[in-house]
Amino acid sequence: KGNWGVGKTFFWNIYAKENLNEKKYVYISLFGISKLDDIKTKILNKISKQANIVNKIKGLLGSSRIKGVDIGAVISLFGIKNFKDIVVCFDDFERLSPNLNISEVLGVISELKEQYDCKIVIINNNDQLEELDSLNSKKLFSLSANKESKKQEYEERHRYSILQTNNHEIFKKYLEKILDVEYEYFPEVKYQIELFKKINSDKKYLNWNLIVNLFNRLKEDKKRNIRLMKHYFMKLEILEDILKIEVLKDLESFIIDEFLIKIFEELFNITILN
């Protein structure tokens, strides 16, 4: 867990790429998913490609489509061993669709962990779930204020009252049963920049220590914001496109440092004094 914008998903994606077997790893963003079956299908699609389950299903059912097939039904046919130690990462709980019940989503996660020996990773900002519950409560109150609400509005009000105003508490209760270890991601700036260094290893001309120093000059609410860091590195990409990497390699280091500082000053509207 960690604050919004601190780079939890960014860190995890790099970690997963470097340390996990792609054949036994599934990443699921809950953003844009509106049906529980979509979550199950995504897991089964990924696992089935590696375990040849699709071919087995095709042989039995005459089709390679597995949409809507229950996880338990597939496992009972082909054995738990194909699912054992699969790492499934769930992200973006705060973007959960109003059509999804968080209890049911967490129920699927619990089932994967307890029944099928999958390894579960949950990335979340629990504070945002609490804020979302508050916003949805206000929406519910707004809908209720209309005494002449139509049936559709009543149904929407009812759905919000059941599904979307207590996600924070439901999430906390389920985590007590699901989680074995909880980590809070609140890295120092130098470790965040180190991640950018890993994915920009070809940029030998960059003064990484200077970049760390620049971001440490920002206020606390901005210095660890991964989106701002990405924006800065996008600006450096533009610089590279203009000057070309061959030219940058030949420039004196102090000139490149000036570029880095000026871009930073322009982006964050501050002045860096040596």
# chains A, B, ... in the order shown; residues from 1 in each chain; ligands from 1
>>> residues_around(residues="A:Ser103", least_positions_apart="2", cutoff="10 Å", atoms="only C-alpha atoms", output="list of chain:residue names")
A:Leu100, A:Asn101, A:Val105, A:Leu106, A:Gly107, A:Val108, A:Ile109, A:Leu163, A:Asn167, A:Ile170, A:Phe171, A:Lys173, A:Tyr174
>>> residues_around(residues="stretch 19-35 of chain A", least_positions_apart="3", cutoff="10 Å", atoms="only C-alpha atoms", output="number ranges by chain")
A: 13-16, 38-40, 42-51, 82-101, 105, 118-123
>>> closest_residue(among="A:Glu194, A:Lys244, A:Lys17, A:Lys230", to="A:Leu267", atoms="only C-alpha atoms")
A:Lys230
>>> residues_around(residues="stretch 247-249 of chain A", least_positions_apart="4", cutoff="10 Å", atoms="only C-alpha atoms", output="list in words")
Lys203, Lys204, Tyr205, Leu206, Leu239, Glu240, Ile242, Leu243, Ser253, Ile255 and Ile256 of chain A
>>> write_last_selection(atoms="N, CA and C atoms", output="compact mmCIF listing (two decimals), in the first residue's frame")
# COMPACT_ATOMS: atom_id res chain seq x y z
N LYS A 203 20.93 5.81 -21.46
CA LYS A 203 21.19 7.26 -21.36
C LYS A 203 22.38 7.52 -20.44
N LYS A 204 23.55 7.15 -20.92
CA LYS A 204 24.77 7.27 -20.12
C LYS A 204 25.15 8.72 -19.85
N TYR A 205 24.62 9.63 -20.62
CA TYR A 205 24.99 11.04 -20.50
C TYR A 205 24.30 11.73 -19.32
N LEU A 206 23.28 11.11 -18.76
CA LEU A 206 22.53 11.75 -17.69
C LEU A 206 23.28 11.73 -16.37
N LEU A 239 14.21 16.41 -25.55
CA LEU A 239 15.56 16.96 -25.72
C LEU A 239 16.43 16.01 -26.53
N GLU A 240 16.33 14.73 -26.23
CA GLU A 240 17.13 13.74 -26.95
C GLU A 240 16.72 13.66 -28.41
N ILE A 242 15.58 16.07 -30.17
CA ILE A 242 16.04 17.29 -30.86
C ILE A 242 17.55 17.24 -31.12
N LEU A 243 18.30 16.91 -30.09
CA LEU A 243 19.76 16.96 -30.19
C LEU A 243 20.40 15.66 -30.66
N SER A 253 29.84 17.65 -19.77
CA SER A 253 28.86 17.26 -18.75
C SER A 253 28.17 18.47 -18.12
N ILE A 255 27.34 21.21 -19.53
CA ILE A 255 26.32 21.73 -20.45
C ILE A 255 25.05 20.87 -20.33
N ILE A 256 25.22 19.55 -20.28
CA ILE A 256 24.07 18.65 -20.11
C ILE A 256 23.38 18.93 -18.78
>>> closest_residue(among="A:Met229, A:Leu236, A:Glu182, A:Leu195", to="A:Glu18", atoms="only C-alpha atoms")
A:Leu195
>>> residues_around(residues="A:Ile211", least_positions_apart="3", cutoff="12 Å", atoms="only C-alpha atoms", output="MDAnalysis selection string")
chainID A and resid 189:194 196:197 206:208 214:218 223 229 232:233 236 256:265
>>> atom_distance(atom1="atom CA of A:Lys222", atom2="atom CA of A:Ile238")
22.3 Å
